[in-house]
Amino acid sequence: RLWGIVRGLATLSFTSQAMGWLPDWQWKQQQQAKGKSWGVWQPQWQKSSWDRPPSMGRVDPSKKVWVGGLPDGATWKDLLAHMSQAGKTSWCQVNKGNTGAVAYKTADEASAAIAMLNGSVIGGSVIVCDAWEKKANA
């Protein structure tokens with residue numbers, strides 16, 4: 001008899017709507033009616049790569065442009081608007097130290113951006129555009 005009570009309590013679930021306990025079958029019906037599916041929880045390190053935003057590390061270096069001399073307070077949107085003059089960008093970020101990085105769809109667009117936008121002005125600052133080079137391991 002006691003086992004039946006314990007088993008009955010174990011099948012109850014908590015819902016925040018009514019702030020009360022519901023049987024599992026009733027809770028599942030409510031969740032299906034809402035159309036919500038939370039999926040299975042996974043730790044961050046087990047999530048697939050499409051759960052994270054793209055990274056500059058995954059872009060071919062020939063399609064990247066290093067940008068230096070950005071003004072203080074420059075945002076990625078400012079850099080994106082300026083660098084889009086030379087072609088379709090696929091990624092843009094502003095780093096510490098008044099530098100940034102921009103990735104283009106093709107290597108030709110990246111080369112054109114370097115030639116066209118090197119020495120141009122963003123927010124009153126003259127910027128330097130150069131080809132992307134990996135840091136040498138020290």
# chains A, B, ... in the order shown; residues from 1 in each chain; ligands from 1
>>> residues_around(residues="range 86-100 of chain A", least_positions_apart="3", cutoff="7 Å", atoms="only C-alpha atoms", output="JSON, numbers by chain")
{"A": [66, 67, 68, 69, 70, 71, 72, 75, 76, 80, 83, 103, 104, 105, 109, 112, 113, 116]}
>>> atom_distance(atom1="CA of Gly119 in chain A", atom2="CA of Ala131 in chain A")
14.0 Å
>>> residues_around(residues="Ile114 in chain A", least_positions_apart="3", cutoff="8 Å", atoms="only C-alpha atoms", output="ChimeraX atom specification")
/A:65,110-111,117-118,129-131
>>> write_last_selection(atoms="C-alpha atoms", output="mmCIF file, in the first residue's frame")
data_model
loop_
_atom_site.group_PDB
_atom_site.id
_atom_site.type_symbol
_atom_site.label_atom_id
_atom_site.label_comp_id
_atom_site.auth_asym_id
_atom_site.auth_seq_id
_atom_site.Cartn_x
_atom_site.Cartn_y
_atom_site.Cartn_z
ATOM 1 C CA VAL A 65 40.887 41.338 -43.823
ATOM 2 C CA ALA A 110 38.915 40.617 -49.724
ATOM 3 C CA SER A 111 41.774 41.719 -51.997
ATOM 4 C CA LEU A 117 39.624 50.816 -48.257
ATOM 5 C CA ASN A 118 43.208 50.971 -46.970
ATOM 6 C CA CYS A 129 43.454 47.334 -44.078
ATOM 7 C CA ASP A 130 45.783 44.406 -44.578
ATOM 8 C CA ALA A 131 45.679 40.714 -45.382
#
>>> atom_distance(atom1="CA of Thr106 in chain A", atom2="CA of Ser62 in chain A")
8.1 Å
>>> atom_distance(atom1="CA of Ile122 in chain A", atom2="CA of Lys77 in chain A")
11.7 Å
